[in-house]
Every structure is written in structure tokens, then in C-alpha cells.
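Q: This is the structure I have questions about; it appears just below.
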Amino acid sequence: MSNTTETITARLREALSRRSAEDRARIEAKLEHAHHQVLQAVQGVPGSRGSEIAEFSRAHGLLQRGRDLLADVEDAIGGTPDPQGGIYRDGTYELLDVGWLEALLTWVENAGERAPFGTRPATIEIPNDIDVAVLGDWGTGDFGTPQAPSGSTLIRQYVSQTLRPAITIHLGDVYFTGTEDNERTKFLDIFPAGRTGSYTLNSNHEMYPGARGYFDVALASSTFGGQQGTSYFCLHNDDWALVGLDTAYYADYWDMYMAGTLRDPSGGSVQLDFLREVASSGRQIILLSHHNPVSLPGEPTALLAQVDEALAGTPSGAKPVIWYYGHLHNGAVYEDVVSPGGVTIRPRLSGHAAVPYTVATDLTKSKKVRWLERAYVSGHHGPVRNGFSTLDLSGSKLRERMLDQTGHVSWEESSVAKSS
């Protein structure tokens with residue numbers, strides 16, 4: 001093992017030793033399960049599809065002083081993707097990068113403690129004509145080289161120098177682990193701020209250290225001062241309401257905050273109350289969150305059901321709800337989903353602004369996907385171009401676009417706010 005791997009592994013063993021025997025067994029079982037899921041996937045075992053936490057799948061072998069999963073993967077199919085588009089290789093931010101173990105280490109050390117949750121959501125009036133850039137999972141820092149810049153660098157340069165939008169919104173995830181240092185150096189110091197305002201959402205990676213970096217660094221800065229220290233907000237004009245939600249704060253620690261929720265442990269939700277209040281206005285809603293309302297193949301999640309409860313029967317809920325989210329490192333547009341409460345949801349996956357990924361078979365095989373980013377960085381295979389989204393509001397008119405890291409428009413659609 002390299003010195004870096006040995007150091008992280010030793011720290012992880014020490015962190016585990018400080019947890020209770022019950023917790024330790026639960027964590028080790030999770031890591032063993034992820035390890036074997038990934039190994040089965042790369043070995044082509046029928047019916048296997050890899051792990052939901054594949055980036056932590058090396059940990060089990062390293063902790064057990066056994067054969068490193070990386071060796072098995074490289075011997076078998078080095079560079080082959082999993083069904084979600086992640087790349088099994090040890091390049092920077094690829095699935096087997098040892099750096100992901102820093103996130104695992106922070107999650108183990110933190111044990112579920114959380115920074116205080118702000119409950120003073122900003123409700124800000126914006127012009128009827130305004131342009132917005134939406135970046136998902138962008139917080140990797142500039143990890144490329146001058147000769148081969150990362151997708152995150154190219155996007156930062158294009159947004160800040162060419163687009164110069166009025167508002168820039170980040171859908172969450174600062175890597176590897178959302179610590180105060182990560183939040184500052186990989187995100188805040190280089191974020192392409194909007195001309196008139198910037199907003200950022202909480203995420204699973206920012207929850208690993210209890211969201212202290214998110215609340216105490218990002219939201220405490222002047223860049224995101226408009227949020228009033230609160231992780232949910234509403235930007236509205238005459239026709240539209242852009243509502244940012246924190247789907248990570250109350251997510252399950254033992255699920256590594258992977259599945260989004262808006263409910264606190266008591267079952268209540270100040271955010272759902274806030275969303276219901278916004279929906280009483282009758283404005284057409286554009287939702288923004290880190291976590292996903294549908295799975296990668298397009299099946300509704302529990303998060304979508306929670307939002308459905310808040311919007312069903314409201315004036316805004318009678319109109320299509322456009323939902324931008326990240327968390328899954330892909331760019332895709334789905335067919336409309338009609339919720340049990342009769343709310344029409346239009347899912348827009350925009351989680352591909354930085355982390356290397358490739359074409360996901362979960363998307364190509366789904367009949368619920370209208371469009372996905374397929375343009376490769378180079379040639380006809382390998383990593384796909386990173387990208388981001390823009391929203392151009394002009395009165396009741398909306399133009400949505402997905403752009404790749406070069407600024408090429410990959411997908412575009414226009415619509416008009418539905419009248420009450």
C-alpha cells in the first residue's frame with residue numbers, strides 16, 4: 001500500500017476502535033457488503049449491479065489486511081463502469097480513488113452529530129427576466145492540470161467568464177468530505193458566483209462532518225449571505241418560484257445520508273410547511289435539491305412522496321413542477337412523473353459538474369429517460385463530458401438548457417408558466 005493508503009487505513013482502524021462494538025460491527029458489515037457487491041459486479045456475476053456506496057468498497061479489504069479490491073478490479077476489467085456510470089479505477093475522484101476513504105473516516109468519526117439547523121429561510125423577490133446557472137456536485141476543486149483541466153475547472157471558467165449569470169446555485173456535495181477546509185478551498189474560494197446572488201444546498205458528503213463546514217463556512221460567507229444561515233430558501237417573481245430544499249440534514253446516518261428526506265425524527269417538517277406555504281401562491285415551482293426524486297432508472301423515491309404530500313391540492317401543485325437535483329453523477333432529463341396526489345413532476349438530473357463518470361446503462365436501458373449526456377471527453381469511449389444547467393426566465397417564459405463543460409448546449413426546452 002502507498003503511504004497515503006496506509007495512513008488513512010490506520011486512521012480508519014483507530015476511528016472504528018473508538019466506536020461501540022455494536023456500531024463497529026454494523027459499519028464493518030456495511031463495508032463488507034459493498035466490497036462483495038462491487039467484486040461480483042466487476043467479475044460479471046449475473047444479476048449483480050455494484051454497490052450504492054461503491055466509492056467506499058476498498059475499505060473492507062484494506063481494514064482486513066487482505067487483497068485490495070483495486071487489484072482484483074484492475075486484473076479483471078480496469079476502467080469498466082458500473083451501471084450508474086461510475087468508473088472502477090483509482091484516478092482522481094474515480095470510484096477506487098483512496099481519497100474517498102477520507103469521507104468514510106469522517107463519517108465514522110462524527111457518529112451522526114449535526115450542526116444547528118437554521119429555520120429562517122430567505123424569501124427573495126427576483127426580477128421577472130433573469131438568468132440562473134445550476135451546478136450539481138461541483139465541489140471537487142481544480143484537480144486537473146493546465147494542459148488537461150478538470151471538467152469542474154472548465155465549467156467554472158465558462159460560467160464566470162462567458163455566461164456571468166445573475167444567480168448561481170450549487171446543488172450540493174463538496175468532496176471528499178465537506179470539512180471546513182474542503183468547503184473553503186475546494187468550493188467557496190473558487191465558486192463562480194452570480195452577479196446578484198449565489199445559493200448552495202446541503203448534501204450527503206457535507207453531512208459526514210455534521211454539516212459544520214456547510215453551515216459555519218459556506219453559509220457564513222458573504223457569497224451565500226442571502227440565505228440567512230438557512231439551508232432552504234425561495235426565490236420568486238410574478239410567475240415562478242425557485243425553491244431550494246435541504247434533503248440531507250435529516251437523512252439517515254446509518255444509510256450514510258444517501259436517501260434524501262425532509263422530515264425530522266418526530267415526523268414533522270418545517271421545510272414541507274414552507275413548501276406548502278409557497279405553493280399557496282399559485283406560482284409555478286422549480287424545485288432544487290441535492291437528493292433525487294427518482295432513481296437513476298426513473299422510479300419514484302420516498303422523497304418525491306414527501307413533496308407530493310406538501311403540494312397536492314395546492315394552487316402551485318396543480319401546475320407541472322420542474323425539479324433539478326444532483327447526487328447521481330450524470331446528466332439526464334426524464335419523462336414526466338404523475339404523483340399519487342396528482343402532481344406532475346418533471347425530473348432534471350444535473351449532478352455531473354465535476355466527478356468523472358461515463359454512460360450509465362441504468363439510463364440507456366430505461367424507457368423513462370428522454371435525454372442523457374453521451375458526449376465523451378475524447379473519442380468514442382471513456383469519461384463523458386461534465387456539465388451543468390441554466391434557467392432563463394423571461395416573464396412567464398422559461399428556457400431550460402443542459403450544457404457540457406465546453407459550453408456546448410446538449411439539450412434545450414422552452415415552456416410557459418401555466419396560468420392559474
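All residue names refer to the C-alpha cells as shown: chains lettered A, B, ... in order, residues numbered from 1 in each chain, ligands numbered from 1 in order.
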Would you please give, as a list in words, all residues of stretch 125-154 of chain A that DSSP assigns to strand (DSSP E or B) based on the backbone?

A: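 Everything in stretch 125-154 of chain A that counts as strand (DSSP E or B) is Glu125, Asp129, Ile130, Asp131, Val132, Ala133, Val134, Leu135 and Gly139 of chain A.
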
Q: Output N, CA, C and O atoms for every residue in the selection just made, as a PDB file, in the first residue's frame.

A:
```pdb
ATOM      1  N   GLU A 125     -37.449  38.289  -3.596  1.00  0.00           N
ATOM      2  CA  GLU A 125     -38.064  38.630  -4.879  1.00  0.00           C
ATOM      3  C   GLU A 125     -36.963  38.852  -5.910  1.00  0.00           C
ATOM      4  O   GLU A 125     -35.981  39.559  -5.652  1.00  0.00           O
ATOM      5  N   ASP A 129     -37.324  38.916 -15.485  1.00  0.00           N
ATOM      6  CA  ASP A 129     -36.370  38.484 -16.507  1.00  0.00           C
ATOM      7  C   ASP A 129     -35.016  38.274 -15.826  1.00  0.00           C
ATOM      8  O   ASP A 129     -34.397  39.242 -15.360  1.00  0.00           O
ATOM      9  N   ILE A 130     -34.565  37.028 -15.772  1.00  0.00           N
ATOM     10  CA  ILE A 130     -33.325  36.726 -15.042  1.00  0.00           C
ATOM     11  C   ILE A 130     -32.747  35.406 -15.534  1.00  0.00           C
ATOM     12  O   ILE A 130     -33.484  34.520 -15.988  1.00  0.00           O
ATOM     13  N   ASP A 131     -31.411  35.277 -15.443  1.00  0.00           N
ATOM     14  CA  ASP A 131     -30.748  34.035 -15.864  1.00  0.00           C
ATOM     15  C   ASP A 131     -30.066  33.391 -14.656  1.00  0.00           C
ATOM     16  O   ASP A 131     -29.489  34.067 -13.800  1.00  0.00           O
ATOM     17  N   VAL A 132     -30.153  32.068 -14.592  1.00  0.00           N
ATOM     18  CA  VAL A 132     -29.680  31.282 -13.448  1.00  0.00           C
ATOM     19  C   VAL A 132     -28.826  30.129 -13.963  1.00  0.00           C
ATOM     20  O   VAL A 132     -29.214  29.441 -14.918  1.00  0.00           O
ATOM     21  N   ALA A 133     -27.665  29.897 -13.336  1.00  0.00           N
ATOM     22  CA  ALA A 133     -26.848  28.720 -13.624  1.00  0.00           C
ATOM     23  C   ALA A 133     -26.954  27.757 -12.453  1.00  0.00           C
ATOM     24  O   ALA A 133     -26.898  28.175 -11.284  1.00  0.00           O
ATOM     25  N   VAL A 134     -27.119  26.471 -12.749  1.00  0.00           N
ATOM     26  CA  VAL A 134     -27.286  25.432 -11.732  1.00  0.00           C
ATOM     27  C   VAL A 134     -26.166  24.408 -11.881  1.00  0.00           C
ATOM     28  O   VAL A 134     -26.057  23.752 -12.926  1.00  0.00           O
ATOM     29  N   LEU A 135     -25.332  24.263 -10.845  1.00  0.00           N
ATOM     30  CA  LEU A 135     -24.216  23.329 -10.853  1.00  0.00           C
ATOM     31  C   LEU A 135     -24.458  22.264  -9.795  1.00  0.00           C
ATOM     32  O   LEU A 135     -24.712  22.587  -8.630  1.00  0.00           O
ATOM     33  N   GLY A 139     -18.190  20.473  -6.141  1.00  0.00           N
ATOM     34  CA  GLY A 139     -17.161  20.842  -5.185  1.00  0.00           C
ATOM     35  C   GLY A 139     -15.945  19.944  -5.105  1.00  0.00           C
ATOM     36  O   GLY A 139     -15.603  19.420  -4.038  1.00  0.00           O
TER      37      GLY A 139
END
```

Q: Skip stretch 205-210 of chain A itself and residues of its chain fewer than 5 positions away, then list as a ChimeraX atom specification all residues within 8 Å of it, counting only C-alpha atoms.

A: /A:103-104,106-107,110,112-115,172-179,248-249,256-257

Q: Name the residues in contact with A:Leu219 at a cut-off of 9 Å, using only C-alpha atoms, excluding same-chain residues fewer than 4 positions from it; report them as number ranges by chain.

A: A: 199-200, 213-215, 223-231

Q: How would the residues just picked look written out with N, CA, C and O atoms as a short mmCIF file (atom, residue, chain, number, x, y, z; two decimals), in the first residue's frame?

A:
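result_19.cif was written with the following content:
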```cif
data_model
loop_
_atom_site.label_atom_id
_atom_site.label_comp_id
_atom_site.auth_asym_id
_atom_site.auth_seq_id
_atom_site.Cartn_x
_atom_site.Cartn_y
_atom_site.Cartn_z
N TYR A 199 -26.40 30.73 -4.16
CA TYR A 199 -27.07 29.88 -3.19
C TYR A 199 -26.47 28.48 -3.27
O TYR A 199 -26.03 28.04 -4.33
N THR A 200 -26.46 27.79 -2.13
CA THR A 200 -25.89 26.45 -2.10
C THR A 200 -26.70 25.55 -1.18
O THR A 200 -27.22 26.00 -0.16
N GLY A 213 -18.95 22.38 8.12
CA GLY A 213 -18.33 23.16 7.06
C GLY A 213 -19.36 23.90 6.23
O GLY A 213 -19.18 25.06 5.85
N TYR A 214 -20.48 23.23 5.97
CA TYR A 214 -21.55 23.84 5.16
C TYR A 214 -22.14 25.06 5.87
O TYR A 214 -22.23 26.16 5.30
N PHE A 215 -22.54 24.89 7.15
CA PHE A 215 -23.19 25.99 7.87
C PHE A 215 -22.18 27.05 8.33
O PHE A 215 -22.45 28.25 8.24
N THR A 223 -20.57 35.34 0.17
CA THR A 223 -21.03 34.77 -1.11
C THR A 223 -22.44 34.23 -0.99
O THR A 223 -23.27 34.43 -1.88
N PHE A 224 -22.71 33.52 0.10
CA PHE A 224 -24.03 32.91 0.29
C PHE A 224 -24.80 33.58 1.42
O PHE A 224 -25.68 32.98 2.04
N GLY A 225 -24.48 34.84 1.68
CA GLY A 225 -25.13 35.58 2.76
C GLY A 225 -26.62 35.74 2.59
O GLY A 225 -27.35 35.89 3.58
N GLY A 226 -27.09 35.71 1.34
CA GLY A 226 -28.52 35.87 1.09
C GLY A 226 -29.37 34.77 1.69
O GLY A 226 -30.59 34.94 1.83
N GLN A 227 -28.77 33.64 2.05
CA GLN A 227 -29.53 32.52 2.61
C GLN A 227 -29.84 32.69 4.09
O GLN A 227 -30.56 31.87 4.67
N GLN A 228 -29.26 33.69 4.72
CA GLN A 228 -29.55 33.98 6.14
C GLN A 228 -29.18 32.81 7.05
O GLN A 228 -29.84 32.56 8.06
N GLY A 229 -28.13 32.06 6.68
CA GLY A 229 -27.68 30.95 7.50
C GLY A 229 -28.60 29.74 7.48
O GLY A 229 -28.48 28.84 8.30
N THR A 230 -29.52 29.72 6.50
CA THR A 230 -30.52 28.65 6.44
C THR A 230 -30.38 27.88 5.13
O THR A 230 -30.15 28.47 4.08
N SER A 231 -30.55 26.56 5.21
CA SER A 231 -30.24 25.69 4.08
C SER A 231 -31.40 25.47 3.12
O SER A 231 -31.31 24.65 2.21
#
```

Q: Quick one: everything within 12 Å of A:Asp362, counting only C-alpha atoms, minus sequence neighbours fewer than 3 positions away in the same chain. Send it as a list in words.

A: Arg49, Gly50, Pro81, Asp82, Pro83, Gln84, Gly85, Gly86, Ser295, Leu296, Pro297, Gly298, Glu299, Leu328, Asn330, Ala332, Thr358, Val359, Lys365, Ser366, Lys367, Lys368, Val369 and Leu372 of chain A

Q: May I have the selected residues written with N, CA, C and O atoms, as a compact mmCIF listing (two decimals), in the first residue's frame?

A:
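Output file part.txt is given in full below:
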```
# COMPACT_ATOMS: atom_id res chain seq x y z
N ARG A 49 -25.07 -5.65 -9.76
CA ARG A 49 -25.02 -4.33 -10.37
C ARG A 49 -24.11 -3.37 -9.60
O ARG A 49 -24.14 -2.17 -9.79
N GLY A 50 -23.28 -3.89 -8.70
CA GLY A 50 -22.39 -3.00 -7.95
C GLY A 50 -23.07 -2.42 -6.73
O GLY A 50 -24.24 -2.67 -6.46
N PRO A 81 -17.12 0.68 -16.34
CA PRO A 81 -18.07 1.40 -15.50
C PRO A 81 -19.03 0.47 -14.77
O PRO A 81 -19.22 -0.68 -15.16
N ASP A 82 -19.64 0.98 -13.71
CA ASP A 82 -20.75 0.28 -13.09
C ASP A 82 -22.04 0.76 -13.76
O ASP A 82 -22.01 1.65 -14.62
N PRO A 83 -23.19 0.16 -13.43
CA PRO A 83 -24.44 0.53 -14.13
C PRO A 83 -24.84 1.98 -13.96
O PRO A 83 -25.63 2.50 -14.73
N GLN A 84 -24.31 2.64 -12.92
CA GLN A 84 -24.65 4.05 -12.69
C GLN A 84 -23.66 5.01 -13.34
O GLN A 84 -23.79 6.22 -13.19
N GLY A 85 -22.67 4.47 -14.05
CA GLY A 85 -21.74 5.32 -14.77
C GLY A 85 -20.45 5.61 -14.04
O GLY A 85 -19.57 6.28 -14.59
N GLY A 86 -20.30 5.14 -12.80
CA GLY A 86 -19.04 5.32 -12.08
C GLY A 86 -17.95 4.47 -12.73
O GLY A 86 -18.23 3.41 -13.30
N SER A 295 -35.11 7.35 -8.96
CA SER A 295 -33.86 6.61 -9.06
C SER A 295 -33.25 6.84 -10.43
O SER A 295 -33.89 7.42 -11.32
N LEU A 296 -32.02 6.37 -10.63
CA LEU A 296 -31.39 6.57 -11.93
C LEU A 296 -32.22 5.98 -13.07
O LEU A 296 -32.40 6.62 -14.11
N PRO A 297 -32.80 4.78 -12.91
CA PRO A 297 -33.68 4.28 -13.98
C PRO A 297 -35.00 5.01 -14.10
O PRO A 297 -35.72 4.85 -15.09
N GLY A 298 -35.38 5.81 -13.07
CA GLY A 298 -36.59 6.61 -13.17
C GLY A 298 -37.73 6.24 -12.25
O GLY A 298 -38.85 6.74 -12.42
N GLU A 299 -37.47 5.40 -11.24
CA GLU A 299 -38.54 5.02 -10.31
C GLU A 299 -38.66 6.06 -9.18
O GLU A 299 -37.65 6.51 -8.64
N LEU A 328 -26.62 11.94 -8.05
CA LEU A 328 -26.25 10.91 -9.01
C LEU A 328 -25.42 11.58 -10.09
O LEU A 328 -25.87 12.53 -10.72
N ASN A 330 -24.60 12.15 -13.12
CA ASN A 330 -24.99 12.04 -14.52
C ASN A 330 -25.78 13.29 -14.90
O ASN A 330 -26.21 14.05 -14.03
N ALA A 332 -29.26 14.05 -17.10
CA ALA A 332 -30.37 13.36 -17.75
C ALA A 332 -31.67 14.13 -17.56
O ALA A 332 -31.84 14.85 -16.56
N THR A 358 -19.12 7.96 -16.77
CA THR A 358 -19.33 7.59 -18.16
C THR A 358 -20.78 7.20 -18.36
O THR A 358 -21.59 7.29 -17.43
N VAL A 359 -21.14 6.78 -19.56
CA VAL A 359 -22.54 6.48 -19.88
C VAL A 359 -23.04 5.37 -18.96
O VAL A 359 -22.42 4.32 -18.83
N LYS A 365 -30.89 1.96 -20.63
CA LYS A 365 -31.89 0.89 -20.68
C LYS A 365 -33.27 1.33 -20.21
O LYS A 365 -34.24 0.59 -20.35
N SER A 366 -33.35 2.53 -19.64
CA SER A 366 -34.63 2.99 -19.10
C SER A 366 -35.48 3.65 -20.18
O SER A 366 -35.01 4.48 -20.95
N LYS A 367 -36.75 3.30 -20.20
CA LYS A 367 -37.70 3.91 -21.12
C LYS A 367 -38.26 5.22 -20.56
O LYS A 367 -39.06 5.88 -21.22
N LYS A 368 -37.84 5.58 -19.35
CA LYS A 368 -38.34 6.80 -18.72
C LYS A 368 -37.40 7.98 -18.92
O LYS A 368 -37.66 9.07 -18.43
N VAL A 369 -36.28 7.76 -19.63
CA VAL A 369 -35.28 8.80 -19.85
C VAL A 369 -35.47 9.40 -21.24
O VAL A 369 -35.45 8.68 -22.24
N LEU A 372 -29.97 11.95 -22.19
CA LEU A 372 -28.84 11.87 -21.28
C LEU A 372 -27.60 12.34 -21.99
O LEU A 372 -27.50 12.26 -23.22
```

Q: Give me, as CSV, the closest atom pair and its distance (Å, one decimal) for every residue of stretch 300-396 of chain A within a cut-off of 8 Å of stretch 286-289 of chain A, counting only C-alpha atoms, rows sorted by chain and rising number.

A:
```
residue,atom,partner,partner_atom,distance
A:Val321,CA,A:Ile286,CA,5.9
A:Ile322,CA,A:Ile286,CA,4.7
A:Trp323,CA,A:Leu287,CA,4.5
A:Tyr324,CA,A:Leu288,CA,5.0
A:Tyr325,CA,A:Ser289,CA,4.9
A:Gly326,CA,A:Ser289,CA,7.2
```

Q: Which residues are close to A:Asp252, i.e. within 10 Å by only C-alpha atoms, leaving aside same-chain residues fewer than 5 positions away? Reply as a short mmCIF file (atom, residue, chain, number, x, y, z; two decimals) with all heavy atoms, in the first residue's frame.

A:
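The new file part_21.cif reads:
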```
data_model
loop_
_atom_site.label_atom_id
_atom_site.label_comp_id
_atom_site.auth_asym_id
_atom_site.auth_seq_id
_atom_site.Cartn_x
_atom_site.Cartn_y
_atom_site.Cartn_z
N GLY A 112 -22.83 10.91 13.62
CA GLY A 112 -24.18 11.43 13.50
C GLY A 112 -24.45 12.77 14.13
O GLY A 112 -25.59 13.25 14.12
N ASN A 204 -25.15 14.87 1.16
CA ASN A 204 -24.66 13.75 1.97
C ASN A 204 -23.19 13.92 2.33
O ASN A 204 -22.78 13.69 3.48
CB ASN A 204 -24.89 12.42 1.27
CG ASN A 204 -24.29 12.33 -0.11
OD1 ASN A 204 -24.56 13.16 -0.97
ND2 ASN A 204 -23.46 11.32 -0.35
N TYR A 257 -26.51 8.96 4.76
CA TYR A 257 -27.22 10.13 4.23
C TYR A 257 -27.51 10.00 2.73
O TYR A 257 -27.69 11.01 2.05
CB TYR A 257 -26.42 11.42 4.48
CG TYR A 257 -25.97 11.62 5.90
CD1 TYR A 257 -24.66 11.36 6.28
CD2 TYR A 257 -26.86 12.06 6.88
CE1 TYR A 257 -24.23 11.53 7.60
CE2 TYR A 257 -26.44 12.25 8.19
CZ TYR A 257 -25.13 11.98 8.54
OH TYR A 257 -24.71 12.16 9.84
N MET A 258 -27.57 8.78 2.24
CA MET A 258 -27.71 8.57 0.80
C MET A 258 -29.12 8.83 0.29
O MET A 258 -29.30 9.23 -0.86
CB MET A 258 -27.27 7.15 0.43
CG MET A 258 -25.79 6.88 0.62
SD MET A 258 -24.75 7.89 -0.45
CE MET A 258 -25.03 7.08 -2.02
N ALA A 259 -30.14 8.57 1.10
CA ALA A 259 -31.53 8.77 0.68
C ALA A 259 -32.07 10.05 1.29
O ALA A 259 -32.08 10.20 2.52
CB ALA A 259 -32.39 7.57 1.09
N GLY A 260 -32.50 10.97 0.46
CA GLY A 260 -32.95 12.26 0.95
C GLY A 260 -34.27 12.20 1.69
O GLY A 260 -35.13 11.37 1.41
N THR A 261 -34.43 13.10 2.65
CA THR A 261 -35.69 13.24 3.37
C THR A 261 -35.85 14.68 3.80
O THR A 261 -34.87 15.42 3.95
CB THR A 261 -35.74 12.32 4.60
OG1 THR A 261 -37.04 12.40 5.20
CG2 THR A 261 -34.70 12.71 5.64
N PRO A 265 -36.84 13.66 12.96
CA PRO A 265 -37.13 12.40 13.63
C PRO A 265 -38.54 12.29 14.20
O PRO A 265 -39.07 11.18 14.37
CB PRO A 265 -36.08 12.35 14.76
CG PRO A 265 -34.94 13.14 14.21
CD PRO A 265 -35.57 14.26 13.43
#
```

Q: For A:Ser198, list every protein, DNA or RNA residue within 6 Å, evaluated using only C-alpha atoms, and leave out those in the same chain fewer than 5 positions away; present the list as JSON, numbers by chain.

A: {"A": [167, 168, 169, 193, 224]}

Q: Among stretch 151-304 of chain A, which residues carry a DSSP assignment of helix (DSSP H, G or I), reported as a ChimeraX atom specification?

A: /A:151-163,180-185,188-190,204-207,212-218,225-227,253-255,270-279,302-304

Q: Provide the atom CA of A:Val108 to atom CA of A:Arg67 distance in Å, to one decimal place.

A: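 Taking atom CA of A:Val108 as the start and atom CA of A:Arg67 as the end point, the length is 22.6 Å.
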
Q: Nearest to A:Arg283 among A:Ser419, A:Phe191, A:His329, A:Ser150, with distances taken over only C-alpha atoms: which residue is it?

A: A:Ser419

Q: Smallest atom-to-atom distance to A:Asp255: which of A:Glu109, A:Ala166, A:Ile53, A:Leu391, using only C-alpha atoms?

A: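 Distance minimum relative to A:Asp255 lands on A:Ile53.
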
Q: Find the distance between atom CA of A:Glu400 and atom CA of A:Pro383 and write it in Å to one decimal.

A: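 Rounded to one decimal, the two atoms are 24.5 Å apart.
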